[in-house]
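Text of structure-v5.cif, listed as mmCIF, C-alpha atoms and all ligand atoms:
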```cif
data_query
loop_
_atom_site.label_atom_id
_atom_site.label_comp_id
_atom_site.auth_asym_id
_atom_site.auth_seq_id
_atom_site.Cartn_x
_atom_site.Cartn_y
_atom_site.Cartn_z
CA MET K 1 32.80 -58.35 -19.27
CA ALA K 2 35.38 -59.22 -16.65
CA GLU K 3 38.59 -60.65 -17.96
CA ASN K 4 41.36 -62.25 -16.00
CA GLY K 5 44.81 -63.53 -16.84
CA ILE K 6 45.93 -60.26 -18.29
CA SER K 7 44.79 -57.04 -16.80
CA ARG K 8 41.86 -55.28 -18.39
CA ARG K 9 44.03 -52.27 -19.04
CA LYS K 10 46.66 -54.31 -20.79
CA PHE K 11 43.99 -56.06 -22.82
CA ILE K 12 42.61 -52.76 -23.98
CA MET K 13 46.07 -51.51 -24.80
CA THR K 14 46.62 -54.48 -27.05
CA GLY K 15 43.77 -53.26 -29.20
CA ALA K 16 41.22 -55.88 -28.26
CA ALA K 17 38.58 -53.39 -27.18
CA GLY K 18 38.86 -51.65 -30.47
CA MET K 19 38.61 -54.91 -32.31
CA ALA K 20 35.39 -55.70 -30.52
CA ALA K 21 33.77 -52.84 -32.32
CA VAL K 22 34.82 -53.72 -35.81
CA GLY K 23 33.88 -56.15 -38.47
CA LEU K 24 36.24 -57.48 -41.07
CA GLY K 25 36.12 -54.25 -42.96
CA GLY K 26 37.37 -52.36 -39.95
CA LEU K 27 40.18 -54.43 -38.55
CA THR K 28 42.26 -51.65 -37.21
CA GLY K 29 43.79 -53.16 -34.07
CA ARG K 30 47.46 -52.80 -33.40
CA SER K 31 49.59 -55.43 -31.80
CA ALA K 32 51.00 -53.42 -28.97
CA ALA K 33 51.68 -56.41 -26.75
CA LYS K 34 54.80 -58.41 -27.25
CA GLU K 35 54.52 -62.20 -27.25
CA SER K 36 56.20 -63.61 -24.22
CA SER K 37 58.03 -66.90 -24.21
CA GLY K 38 56.91 -69.91 -22.24
CA ALA K 39 53.49 -71.43 -21.73
CA PRO K 40 50.50 -69.35 -22.79
CA GLU K 41 48.82 -67.42 -20.04
CA ILE K 42 45.23 -68.51 -19.55
CA VAL K 43 42.84 -65.68 -20.24
CA THR K 44 39.38 -66.07 -18.78
CA ARG K 45 36.17 -64.13 -19.23
CA THR K 46 32.84 -64.19 -17.43
CA LEU K 47 29.95 -65.94 -19.16
CA GLY K 48 27.28 -63.30 -18.71
CA ARG K 49 24.95 -63.64 -15.76
CA THR K 50 26.02 -67.23 -15.12
CA GLY K 51 29.14 -65.81 -13.51
CA LEU K 52 31.14 -68.77 -14.82
CA GLN K 53 34.78 -67.90 -15.42
CA ILE K 54 35.93 -69.67 -18.56
CA PRO K 55 39.20 -69.60 -20.51
CA VAL K 56 38.52 -67.90 -23.83
CA VAL K 57 39.58 -71.06 -25.65
CA SER K 58 37.35 -74.06 -25.02
CA PHE K 59 37.04 -77.45 -26.70
CA GLY K 60 34.22 -78.33 -29.07
CA VAL K 61 34.19 -82.14 -28.80
CA MET K 62 32.33 -82.65 -32.02
CA ASN K 63 34.70 -84.06 -34.57
CA SER K 64 36.81 -86.37 -32.46
CA ASP K 65 36.15 -88.87 -29.69
CA SER K 66 39.82 -89.26 -28.84
CA PRO K 67 40.29 -89.74 -25.07
CA ASP K 68 43.85 -88.47 -25.38
CA LEU K 69 42.68 -85.16 -26.82
CA ILE K 70 40.38 -84.63 -23.86
CA ARG K 71 43.15 -85.62 -21.43
CA LYS K 72 45.47 -83.15 -23.08
CA ALA K 73 42.83 -80.40 -22.97
CA ILE K 74 42.41 -80.88 -19.23
CA ASP K 75 46.18 -80.92 -18.72
CA LEU K 76 46.58 -77.70 -20.69
CA GLY K 77 43.96 -75.87 -18.64
CA ILE K 78 40.94 -75.99 -20.92
CA ARG K 79 37.93 -76.07 -18.62
CA HIS K 80 34.91 -75.99 -20.88
CA LEU K 81 33.98 -79.07 -22.89
CA ASP K 82 31.15 -78.61 -25.36
CA THR K 83 29.28 -81.61 -26.70
CA ALA K 84 25.76 -82.60 -27.83
CA HIS K 85 23.46 -85.56 -27.54
CA LEU K 86 23.86 -86.09 -31.27
CA TYR K 87 27.60 -85.71 -31.67
CA LEU K 88 29.31 -88.81 -32.97
CA ARG K 89 26.17 -90.80 -32.18
CA GLY K 90 26.72 -90.30 -28.46
CA ASN K 91 30.42 -91.17 -28.45
CA SER K 92 31.37 -87.57 -27.75
CA GLU K 93 29.39 -87.53 -24.49
CA THR K 94 30.55 -91.03 -23.64
CA VAL K 95 34.25 -90.29 -23.96
CA ILE K 96 33.90 -87.06 -21.99
CA GLY K 97 32.17 -89.00 -19.21
CA LEU K 98 34.93 -91.60 -19.18
CA ILE K 99 37.70 -89.04 -18.86
CA LEU K 100 35.91 -86.94 -16.26
CA GLU K 101 35.55 -90.05 -14.15
CA GLU K 102 39.11 -91.21 -14.80
CA ARG K 103 40.50 -87.83 -13.79
CA GLN K 104 37.97 -87.26 -11.02
CA CYS K 105 37.68 -83.70 -12.24
CA ARG K 106 33.95 -83.21 -12.86
CA GLU K 107 33.71 -80.37 -10.35
CA LYS K 108 36.37 -78.25 -11.96
CA MET K 109 35.08 -78.69 -15.51
CA ILE K 110 32.26 -76.88 -17.25
CA VAL K 111 30.30 -79.40 -19.28
CA ALA K 112 27.77 -78.29 -21.87
CA THR K 113 25.53 -80.50 -23.95
CA LYS K 114 22.60 -79.97 -26.30
CA MET K 115 19.15 -81.48 -26.79
CA TYR K 116 17.90 -81.76 -30.36
CA PHE K 117 14.20 -81.98 -31.25
CA ASP K 118 12.17 -82.65 -34.36
CA ARG K 119 11.25 -79.56 -36.30
CA ASP K 120 9.60 -78.32 -39.45
CA LYS K 121 12.49 -76.80 -41.30
CA TYR K 122 10.33 -74.75 -43.61
CA ARG K 123 8.22 -73.11 -40.95
CA LYS K 124 11.15 -73.18 -38.51
CA VAL K 125 9.04 -74.48 -35.67
CA PHE K 126 9.36 -77.45 -33.34
CA LEU K 127 7.14 -80.52 -33.71
CA PRO K 128 5.73 -81.50 -30.30
CA GLU K 129 4.22 -84.65 -31.78
CA GLY K 130 7.48 -85.64 -33.44
CA GLY K 131 7.39 -86.61 -37.07
CA GLY K 132 11.07 -86.23 -37.77
CA ARG K 133 13.69 -88.86 -37.15
CA GLY K 134 14.69 -87.79 -33.65
CA PHE K 135 12.96 -86.87 -30.42
CA PRO K 136 9.58 -85.10 -30.32
CA ALA K 137 9.68 -81.57 -28.95
CA SER K 138 7.89 -82.59 -25.78
CA GLU K 139 8.70 -83.20 -22.14
CA ALA K 140 8.89 -86.93 -22.81
CA GLY K 141 11.34 -86.36 -25.68
CA PHE K 142 13.39 -84.08 -23.46
CA ASP K 143 13.43 -86.41 -20.44
CA GLU K 144 14.48 -89.41 -22.48
CA GLN K 145 17.23 -87.50 -24.23
CA LEU K 146 18.62 -85.81 -21.11
CA ALA K 147 18.59 -89.01 -19.06
CA LEU K 148 20.70 -90.73 -21.70
CA SER K 149 23.08 -87.78 -21.99
CA LEU K 150 23.65 -87.63 -18.23
CA LYS K 151 24.24 -91.37 -18.16
CA ARG K 152 26.83 -91.11 -20.91
CA LEU K 153 28.48 -88.14 -19.22
CA ARG K 154 28.53 -89.99 -15.88
CA THR K 155 27.17 -87.05 -13.99
CA ASP K 156 23.88 -86.02 -12.43
CA HIS K 157 23.93 -82.56 -13.97
CA VAL K 158 25.54 -80.52 -16.70
CA ASP K 159 26.63 -76.91 -16.40
CA ILE K 160 25.00 -75.62 -19.56
CA LEU K 161 22.10 -77.35 -21.32
CA TYR K 162 21.30 -76.00 -24.75
CA LEU K 163 18.24 -76.21 -26.92
CA HIS K 164 20.10 -77.35 -30.02
CA SER K 165 20.00 -75.54 -33.33
CA CYS K 166 17.30 -72.90 -33.16
CA GLU K 167 16.85 -71.92 -36.79
CA GLY K 168 14.87 -68.77 -36.17
CA PRO K 169 13.30 -66.58 -33.50
CA LEU K 170 10.17 -68.72 -33.15
CA MET K 171 12.28 -71.65 -32.02
CA ALA K 172 14.31 -69.60 -29.55
CA ALA K 173 11.14 -68.26 -27.95
CA TYR K 174 9.10 -71.47 -28.03
CA GLU K 175 7.23 -71.37 -24.75
CA PRO K 176 6.86 -75.13 -24.09
CA MET K 177 10.60 -75.69 -24.49
CA MET K 178 11.44 -72.76 -22.23
CA LYS K 179 9.23 -74.31 -19.54
CA ILE K 180 10.77 -77.75 -19.94
CA PHE K 181 14.34 -76.41 -19.78
CA THR K 182 13.52 -74.17 -16.82
CA LYS K 183 12.03 -77.14 -14.98
CA ALA K 184 15.24 -79.12 -15.55
CA LYS K 185 17.26 -76.20 -14.23
CA GLU K 186 15.08 -75.94 -11.14
CA ALA K 187 15.48 -79.69 -10.62
CA GLY K 188 19.27 -79.29 -10.61
CA LYS K 189 19.85 -81.27 -13.79
CA THR K 190 21.61 -78.28 -15.28
CA ARG K 191 23.02 -75.15 -13.74
CA PHE K 192 22.25 -72.94 -16.73
CA ILE K 193 20.25 -73.14 -19.94
CA GLY K 194 20.78 -71.72 -23.39
CA ILE K 195 20.11 -72.01 -27.10
CA THR K 196 22.37 -72.62 -30.07
CA THR K 197 21.96 -71.17 -33.53
CA HIS K 198 23.65 -71.26 -36.89
CA ALA K 199 20.84 -69.87 -39.03
CA GLN K 200 19.16 -66.48 -38.88
CA GLU K 201 21.54 -65.79 -36.03
CA PRO K 202 20.84 -62.07 -35.48
CA GLU K 203 17.08 -62.52 -35.12
CA THR K 204 17.46 -65.71 -33.13
CA ILE K 205 19.98 -64.25 -30.69
CA ARG K 206 17.80 -61.20 -30.05
CA ALA K 207 14.70 -63.35 -29.56
CA ALA K 208 16.55 -65.58 -27.09
CA ALA K 209 17.77 -62.56 -25.14
CA ASP K 210 14.29 -61.02 -25.06
CA THR K 211 12.80 -64.10 -23.42
CA GLY K 212 14.83 -63.45 -20.28
CA VAL K 213 14.91 -67.24 -19.85
CA TRP K 214 18.06 -68.34 -21.61
CA ASP K 215 21.34 -67.74 -19.79
CA VAL K 216 23.64 -68.52 -22.70
CA VAL K 217 23.65 -68.29 -26.50
CA LEU K 218 26.02 -70.38 -28.57
CA THR K 219 26.21 -68.91 -32.05
CA SER K 220 28.07 -69.20 -35.31
CA TYR K 221 30.36 -66.21 -35.56
CA ASN K 222 33.15 -65.82 -38.04
CA PHE K 223 34.97 -63.43 -40.31
CA MET K 224 33.40 -65.00 -43.41
CA GLN K 225 29.78 -64.34 -42.52
CA LYS K 226 28.23 -61.87 -44.89
CA HIS K 227 25.99 -60.74 -42.05
CA ARG K 228 28.75 -60.67 -39.44
CA GLU K 229 28.00 -57.06 -38.55
CA ASP K 230 24.39 -58.00 -37.78
CA VAL K 231 25.55 -60.97 -35.73
CA ARG K 232 27.96 -58.74 -33.83
CA ALA K 233 25.20 -56.22 -33.07
CA ALA K 234 22.89 -58.97 -31.86
CA ILE K 235 25.64 -60.40 -29.66
CA LYS K 236 26.14 -56.97 -28.17
CA TYR K 237 22.40 -56.65 -27.58
CA ALA K 238 22.19 -60.03 -25.84
CA ALA K 239 25.34 -59.47 -23.79
CA ALA K 240 23.90 -56.18 -22.53
CA LYS K 241 20.96 -58.19 -21.18
CA GLY K 242 23.32 -60.48 -19.29
CA VAL K 243 23.31 -63.38 -21.74
CA GLY K 244 26.61 -65.25 -21.91
CA ILE K 245 27.93 -65.63 -25.46
CA VAL K 246 29.88 -68.60 -26.78
CA ALA K 247 31.18 -68.58 -30.37
CA MET K 248 31.31 -71.55 -32.74
CA LYS K 249 32.16 -72.08 -36.41
CA THR K 250 34.93 -69.53 -35.97
CA GLN K 251 36.75 -71.02 -38.96
CA GLY K 252 33.78 -70.54 -41.26
CA GLY K 253 33.52 -74.23 -42.00
CA VAL K 254 37.12 -74.63 -43.07
CA GLN K 255 38.93 -77.18 -41.00
CA MET K 256 42.58 -76.94 -40.13
CA ASN K 257 44.82 -79.73 -41.37
CA ARG K 258 42.42 -80.67 -44.12
CA GLU K 259 42.72 -80.24 -47.80
CA SER K 260 40.27 -77.60 -48.75
CA PRO K 261 39.59 -75.24 -51.60
CA ALA K 262 39.99 -72.48 -49.03
CA GLN K 263 42.92 -71.92 -46.77
CA VAL K 264 42.20 -70.08 -43.58
CA ASN K 265 44.66 -68.88 -41.00
CA HIS K 266 43.22 -70.86 -38.13
CA ARG K 267 44.82 -68.77 -35.42
CA ALA K 268 43.71 -65.48 -36.94
CA ALA K 269 40.15 -66.71 -37.47
CA LEU K 270 39.87 -67.73 -33.83
CA LYS K 271 41.29 -64.42 -32.69
CA TRP K 272 38.81 -62.56 -34.87
CA ALA K 273 35.87 -63.99 -32.92
CA LEU K 274 37.55 -63.59 -29.55
CA ASN K 275 38.44 -60.00 -30.25
CA ASP K 276 34.78 -59.25 -29.76
CA ARG K 277 34.79 -58.67 -26.01
CA ASN K 278 31.15 -59.69 -25.80
CA VAL K 279 32.21 -63.23 -26.67
CA CYS K 280 33.19 -65.15 -23.55
CA THR K 281 34.77 -68.17 -25.16
CA ALA K 282 35.00 -70.07 -28.46
CA ILE K 283 34.68 -73.81 -29.00
CA PRO K 284 36.89 -74.79 -31.95
CA GLY K 285 36.23 -78.38 -33.04
CA ILE K 286 39.69 -79.63 -32.25
CA THR K 287 40.76 -82.89 -33.87
CA ALA K 288 44.54 -82.97 -33.43
CA PHE K 289 47.18 -82.25 -30.81
CA ASP K 290 48.90 -79.57 -32.87
CA GLN K 291 45.58 -77.84 -33.45
CA MET K 292 44.96 -77.83 -29.71
CA ASP K 293 48.37 -76.31 -29.08
CA LEU K 294 47.75 -73.66 -31.70
CA ASP K 295 44.28 -72.82 -30.41
CA PHE K 296 45.43 -72.70 -26.82
CA ALA K 297 48.39 -70.49 -27.67
CA VAL K 298 46.03 -67.86 -29.06
CA MET K 299 45.60 -66.70 -25.47
CA LYS K 300 49.23 -65.71 -25.42
CA HIS K 301 48.60 -62.93 -27.86
CA LEU K 302 44.92 -62.28 -28.51
CA SER K 303 45.29 -59.23 -30.70
CA LEU K 304 45.34 -59.67 -34.43
CA THR K 305 48.60 -58.66 -35.96
CA PRO K 306 48.51 -56.53 -39.12
CA ASP K 307 49.63 -59.60 -41.07
CA GLU K 308 46.78 -61.65 -39.68
CA GLU K 309 44.30 -58.92 -40.48
CA GLU K 310 45.51 -58.93 -44.03
CA VAL K 311 45.33 -62.70 -44.27
CA LEU K 312 41.76 -62.65 -43.03
CA ARG K 313 40.79 -60.02 -45.55
CA LYS K 314 42.23 -62.10 -48.36
CA SER K 315 40.72 -65.33 -47.01
CA ALA K 316 37.27 -63.78 -46.73
CA ALA K 317 37.48 -62.64 -50.32
CA ALA K 318 38.80 -65.99 -51.53
CA THR K 319 36.48 -68.18 -49.50
CA GLY K 320 33.27 -66.20 -49.72
CA SER K 321 31.67 -68.93 -51.77
CA VAL K 322 32.80 -71.72 -49.47
CA TYR K 323 30.89 -71.04 -46.29
CA CYS K 324 27.14 -71.68 -46.38
CA GLN K 325 25.58 -68.94 -44.31
CA GLN K 326 22.45 -71.07 -43.69
CA CYS K 327 20.40 -68.08 -44.81
CA GLY K 328 17.82 -70.15 -46.68
CA SER K 329 17.68 -67.79 -49.66
CA CYS K 330 18.19 -70.70 -52.03
CA LEU K 331 15.07 -72.54 -50.90
CA GLY K 332 12.83 -70.78 -53.39
CA SER K 333 15.02 -71.83 -56.30
CA CYS K 334 14.22 -75.50 -55.77
CA LEU K 335 10.76 -76.60 -56.86
CA GLN K 336 11.15 -79.87 -54.97
CA ARG K 337 11.50 -78.01 -51.67
CA ALA K 338 14.76 -79.77 -50.91
CA GLN K 339 16.38 -78.78 -47.61
CA ILE K 340 19.40 -77.19 -49.25
CA PRO K 341 20.83 -75.45 -46.15
CA THR K 342 20.92 -78.74 -44.27
CA LEU K 343 22.40 -80.49 -47.29
CA MET K 344 25.10 -77.82 -47.41
CA ARG K 345 25.75 -78.25 -43.69
CA ALA K 346 26.11 -81.99 -44.18
CA TYR K 347 28.55 -81.28 -46.99
CA MET K 348 30.59 -79.07 -44.67
CA TYR K 349 30.75 -81.81 -42.03
CA ALA K 350 31.76 -84.40 -44.57
CA GLU K 351 34.09 -82.43 -46.79
CA ALA K 352 35.60 -79.81 -44.50
CA TYR K 353 35.49 -81.58 -41.14
CA HIS K 354 35.83 -85.12 -42.51
CA ASN K 355 33.18 -86.02 -39.97
CA LEU K 356 30.99 -88.46 -41.84
CA ILE K 357 29.02 -89.40 -38.75
CA GLN K 358 27.92 -85.81 -38.22
CA ALA K 359 27.16 -85.50 -41.91
CA GLU K 360 24.91 -88.56 -41.67
CA ILE K 361 23.19 -87.13 -38.63
CA ALA K 362 22.55 -83.87 -40.47
CA MET K 363 21.15 -85.82 -43.41
CA ALA K 364 18.89 -87.71 -41.03
CA GLU K 365 17.39 -84.41 -39.86
CA ILE K 366 15.86 -83.97 -43.31
CA PRO K 367 12.31 -85.27 -43.72
CA GLU K 368 11.71 -87.86 -46.38
CA GLY K 369 11.30 -86.34 -49.81
CA GLN K 370 13.26 -83.17 -48.99
CA GLY K 371 16.80 -84.49 -49.18
CA LEU K 372 18.85 -86.29 -51.77
CA ASP K 373 15.83 -88.41 -52.57
CA ALA K 374 14.19 -85.24 -53.95
CA CYS K 375 17.31 -84.42 -55.91
CA GLY K 376 17.22 -87.87 -57.47
CA GLY K 377 14.30 -86.79 -59.63
CA CYS K 378 16.04 -83.76 -61.12
CA GLU K 379 17.74 -83.93 -64.47
CA GLU K 380 19.45 -80.67 -63.70
CA CYS K 381 19.76 -78.76 -60.45
CA SER K 382 18.14 -75.33 -60.60
CA ALA K 383 19.14 -74.25 -57.10
CA VAL K 384 21.02 -70.99 -56.84
CA CYS K 385 22.99 -69.54 -53.95
CA ARG K 386 23.17 -65.78 -53.78
CA PHE K 387 26.67 -66.07 -52.35
CA GLY K 388 27.96 -68.33 -55.08
CA ILE K 389 27.98 -71.66 -53.25
CA PRO K 390 28.07 -74.30 -55.99
CA ILE K 391 24.94 -76.13 -54.82
CA PRO K 392 24.66 -78.57 -57.77
CA SER K 393 28.22 -79.82 -57.46
CA ARG K 394 27.95 -80.18 -53.70
CA ILE K 395 24.80 -82.21 -54.09
CA GLN K 396 26.63 -84.40 -56.58
CA SER K 397 29.46 -84.78 -54.08
CA LEU K 398 27.07 -85.80 -51.30
CA ALA K 399 25.50 -88.33 -53.65
CA ALA K 400 28.89 -89.67 -54.60
CA MET K 401 29.66 -90.17 -50.91
CA GLY K 402 26.87 -92.71 -50.90
CA PHE K 403 24.31 -91.01 -48.72
CA PRO K 404 20.99 -92.78 -49.12
CA GLY K 405 18.12 -91.73 -51.30
CA ARG K 406 20.15 -90.19 -54.09
CA ARG K 407 20.70 -91.47 -57.55
CA ILE K 408 24.43 -91.57 -58.24
CA ALA K 409 24.81 -89.74 -61.49
S1 LIG G 1 23.53 -72.32 -50.10
FE1 LIG G 1 23.72 -70.10 -50.23
S2 LIG G 1 21.62 -69.29 -50.30
FE2 LIG G 1 21.52 -71.44 -49.56
S3 LIG G 1 21.55 -71.30 -47.33
FE3 LIG G 1 23.67 -71.58 -48.00
S4 LIG G 1 24.49 -69.48 -48.20
FE4 LIG G 1 22.24 -69.29 -48.13
S1 LIG G 2 18.88 -81.25 -57.53
FE1 LIG G 2 18.73 -79.05 -57.05
S2 LIG G 2 16.73 -78.41 -57.86
FE2 LIG G 2 16.71 -80.65 -57.73
S3 LIG G 2 15.80 -81.13 -55.73
FE3 LIG G 2 18.02 -81.07 -55.45
S4 LIG G 2 18.45 -78.96 -54.82
FE4 LIG G 2 16.41 -78.96 -55.70
#
```

Rewritten as structure tokens:
Amino acid sequence: MAENGISRRKFIMTGAAGMAAVGLGGLTGRSAAKESSGAPEIVTRTLGRTGLQIPVVSFGVMNSDSPDLIRKAIDLGIRHLDTAHLYLRGNSETVIGLILEERQCREKMIVATKMYFDRDKYRKVFLPEGGGRGFPASEAGFDEQLALSLKRLRTDHVDILYLHSCEGPLMAAYEPMMKIFTKAKEAGKTRFIGITTHAQEPETIRAAADTGVWDVVLTSYNFMQKHREDVRAAIKYAAAKGVGIVAMKTQGGVQMNRESPAQVNHRAALKWALNDRNVCTAIPGITAFDQMDLDFAVMKHLSLTPDEEEVLRKSAAATGSVYCQQCGSCLGSCLQRAQIPTLMRAYMYAEAYHNLIQAEIAMAEIPEGQGLDACGGCEECSAVCRFGIPIPSRIQSLAAMGFPGRRIA
């Protein structure tokens, strides 16, 4: 992967190449480079076969619709804005569109958005006839969604259009969706197409790469994942096939500047993902100016220091039961067939990100009878997480937040 801003040789000397080959258990990089004073140098990498050159730090516009944050991002030199049709009920796309127009900078920015479709969460397949609470997985559902997204973004095309939240390999290789997305690409409505995943990532990434259709994969990737070595191997596999890789959830669901049972060194966690040279860029969900400064400054010194390595080791041990891996292993422990992974994701949005809108949207993904309404009939929660996530107490917390369909105990 080409990398600009600092020479490839210097980058390797700082230990980044070595870090790319290690998981948390093998963080052996040395901080050979000295931090220089002044503004951070912008380090860019190439997004696979798209050829797009992107600073390694991008902006996930998911948890804030602040125009000033987007203005500041552009001023700093961030070039890639990542949003989704669903984020903040459309306000994320809307505010991006406003600022792009205000600044007249559409051409120099890389705008990515995502299309979400109804699915059967148990079988992990799309529903072409609909049946969920969103858009059917059909051309009509796609056209309606994309038209609205482009209108909000005030543009006639995006740079990357993702099939949002593929929860397994069947979804990443779903032929009708590949045809619909390819058609949009050929029509010039998007320059490149991709998939996103935060469940069964290794299998999903490999399946997406094997299709030869998707240009980009946006995946969860963080130092807390129990299966991070498998994710890393899949990323390597996809990158070797020319797929551009973007990392998300680099903080493992622990938000900076928020009270949390887990404290994570935000800078170190971001570096951990970026130290995999197969990752082009990461999209931290920035919500504050100081967080943006901190994230952006990571480029100044991408190598993990020994102290940061140690902090990550301790954090991973301390927070192992905080981050829901979306593995689905708990599903069999609930006789009501409640959608526990999605409930846990909603909890993360609400509790860790303080993004109640996104939590509500996640809750709305759950079919009737498989969410908190199912839990309402249980005297005692029998669900068990193999990683120690306290499912019963999180369900109680979601209920206490007033999400519909749940008896408040
Ligand atoms: S709660 Fe635990 S078992 Fe269930 S999906 Fe999350 S990590 Fe997996
Ligand atoms: S309370 Fe627990 S066991 Fe009951 S439906 Fe909800 S997740 Fe399943």

Neighbours of ligand LIG 2 (chain G) at 8 Å or closer, counting only C-alpha atoms and all ligand atoms: which residues, as a compact mmCIF listing (two decimals) with C-alpha atoms, in the frame of the given file?
```
# COMPACT_ATOMS: atom_id res chain seq x y z
CA SER K 333 15.02 -71.83 -56.30
CA CYS K 334 14.22 -75.50 -55.77
CA LEU K 335 10.76 -76.60 -56.86
CA GLN K 336 11.15 -79.87 -54.97
CA ARG K 337 11.50 -78.01 -51.67
CA ALA K 338 14.76 -79.77 -50.91
CA GLN K 339 16.38 -78.78 -47.61
CA ILE K 340 19.40 -77.19 -49.25
CA GLN K 370 13.26 -83.17 -48.99
CA GLY K 371 16.80 -84.49 -49.18
CA LEU K 372 18.85 -86.29 -51.77
CA ASP K 373 15.83 -88.41 -52.57
CA ALA K 374 14.19 -85.24 -53.95
CA CYS K 375 17.31 -84.42 -55.91
CA GLY K 376 17.22 -87.87 -57.47
CA GLY K 377 14.30 -86.79 -59.63
CA CYS K 378 16.04 -83.76 -61.12
CA GLU K 379 17.74 -83.93 -64.47
CA GLU K 380 19.45 -80.67 -63.70
CA CYS K 381 19.76 -78.76 -60.45
CA SER K 382 18.14 -75.33 -60.60
CA ALA K 383 19.14 -74.25 -57.10
CA ILE K 391 24.94 -76.13 -54.82
CA PRO K 392 24.66 -78.57 -57.77
CA ILE K 395 24.80 -82.21 -54.09
```

Selection: 9 Å around Arg106 (chain K), only C-alpha atoms, excl. self and same-chain fewer than 6 positions, as a PyMOL selection string
chain K and resi 97+100+155

Do you know which residues are at most 10 Å from Arg394 (chain K) counting all atoms listed in the file, after dropping those on the same chain fewer than 2 positions away, and could you put them as an MDAnalysis selection string?
chainID K and resid 343:344 346:348 351 389:392 396:400

Cut-off 6 Å, all atoms listed in the file, neighbours of ligand LIG 1 (chain G) as a compact mmCIF listing (two decimals) with C-alpha atoms, in the frame of the given file:
```
# COMPACT_ATOMS: atom_id res chain seq x y z
CA CYS K 324 27.14 -71.68 -46.38
CA GLN K 325 25.58 -68.94 -44.31
CA GLN K 326 22.45 -71.07 -43.69
CA CYS K 327 20.40 -68.08 -44.81
CA GLY K 328 17.82 -70.15 -46.68
CA SER K 329 17.68 -67.79 -49.66
CA CYS K 330 18.19 -70.70 -52.03
CA PRO K 341 20.83 -75.45 -46.15
CA CYS K 385 22.99 -69.54 -53.95
CA ARG K 386 23.17 -65.78 -53.78
CA PHE K 387 26.67 -66.07 -52.35
CA ILE K 389 27.98 -71.66 -53.25
```

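Here CA of Ile283 (chain K) stands at a distance of 15.2 Å from CA of Thr46 (chain K).
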
Which residues, written as a PDB file with C-alpha atoms, in the frame of the given file, have at least one atom at most 8 Å from Lys189 (chain K), with all atoms listed in the file counted and residues fewer than 5 positions away on the same chain left out?
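As a result, around.pdb now contains:
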```pdb
ATOM      1  CA  ASP K 156      23.880 -86.020 -12.430  1.00  0.00           C
ATOM      2  CA  HIS K 157      23.930 -82.560 -13.970  1.00  0.00           C
ATOM      3  CA  VAL K 158      25.540 -80.520 -16.700  1.00  0.00           C
ATOM      4  CA  ALA K 184      15.240 -79.120 -15.550  1.00  0.00           C
TER       5      ALA K 184
END
```

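Of the residues under consideration (K:Ala172, K:Leu312, K:Leu270, K:Ala209), K:Leu270 shows the shortest atom-to-atom contact distance to Ala297 (chain K) when counting only C-alpha atoms.
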
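Rounded to one decimal, CA of Tyr221 (chain K) and CA of Val246 (chain K) lie 9.1 Å from each other.
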
Show which residues sit within 10 Å of Pro67 (chain K), as a PyMOL selection string. Count all atoms listed in the file, and ignore same-chain residues fewer than 6 positions away.
chain K and resi 73+92+94-96+98-99

Have a look at K:Gly48, K:Ala84, K:Val56, K:Ala362 and name the one nearest to Val217 (chain K); count only C-alpha atoms.
K:Gly48

Using the partial input, fill out region 57-66 of chain K with N, CA and C atoms; write the result as a PDB file, in the coordinates of the input.
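Output contents, as saved in result09.pdb:
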```pdb
ATOM      1  N   VAL K  57      39.516 -69.931 -24.713  1.00  0.00           N
ATOM      2  CA  VAL K  57      39.580 -71.060 -25.650  1.00  0.00           C
ATOM      3  C   VAL K  57      39.016 -72.295 -24.953  1.00  0.00           C
ATOM      4  N   SER K  58      37.971 -72.844 -25.540  1.00  0.00           N
ATOM      5  CA  SER K  58      37.350 -74.060 -25.020  1.00  0.00           C
ATOM      6  C   SER K  58      37.479 -75.161 -26.069  1.00  0.00           C
ATOM      7  N   PHE K  59      36.860 -76.293 -25.822  1.00  0.00           N
ATOM      8  CA  PHE K  59      37.040 -77.450 -26.700  1.00  0.00           C
ATOM      9  C   PHE K  59      35.657 -77.918 -27.175  1.00  0.00           C
ATOM     10  N   GLY K  60      35.420 -77.777 -28.474  1.00  0.00           N
ATOM     11  CA  GLY K  60      34.220 -78.330 -29.070  1.00  0.00           C
ATOM     12  C   GLY K  60      34.478 -79.791 -29.414  1.00  0.00           C
ATOM     13  N   VAL K  61      33.892 -80.705 -28.624  1.00  0.00           N
ATOM     14  CA  VAL K  61      34.190 -82.140 -28.800  1.00  0.00           C
ATOM     15  C   VAL K  61      33.177 -82.716 -29.784  1.00  0.00           C
ATOM     16  N   MET K  62      33.325 -82.276 -31.011  1.00  0.00           N
ATOM     17  CA  MET K  62      32.330 -82.650 -32.020  1.00  0.00           C
ATOM     18  C   MET K  62      32.895 -83.573 -33.088  1.00  0.00           C
ATOM     19  N   ASN K  63      34.138 -83.341 -33.433  1.00  0.00           N
ATOM     20  CA  ASN K  63      34.700 -84.060 -34.570  1.00  0.00           C
ATOM     21  C   ASN K  63      35.700 -85.141 -34.178  1.00  0.00           C
ATOM     22  N   SER K  64      35.871 -85.340 -32.890  1.00  0.00           N
ATOM     23  CA  SER K  64      36.810 -86.370 -32.460  1.00  0.00           C
ATOM     24  C   SER K  64      36.338 -86.951 -31.129  1.00  0.00           C
ATOM     25  N   ASP K  65      36.458 -88.263 -30.985  1.00  0.00           N
ATOM     26  CA  ASP K  65      36.150 -88.870 -29.690  1.00  0.00           C
ATOM     27  C   ASP K  65      37.431 -89.473 -29.092  1.00  0.00           C
ATOM     28  N   SER K  66      38.540 -88.782 -29.365  1.00  0.00           N
ATOM     29  CA  SER K  66      39.820 -89.260 -28.840  1.00  0.00           C
ATOM     30  C   SER K  66      39.952 -88.962 -27.354  1.00  0.00           C
TER      31      SER K  66
END
```
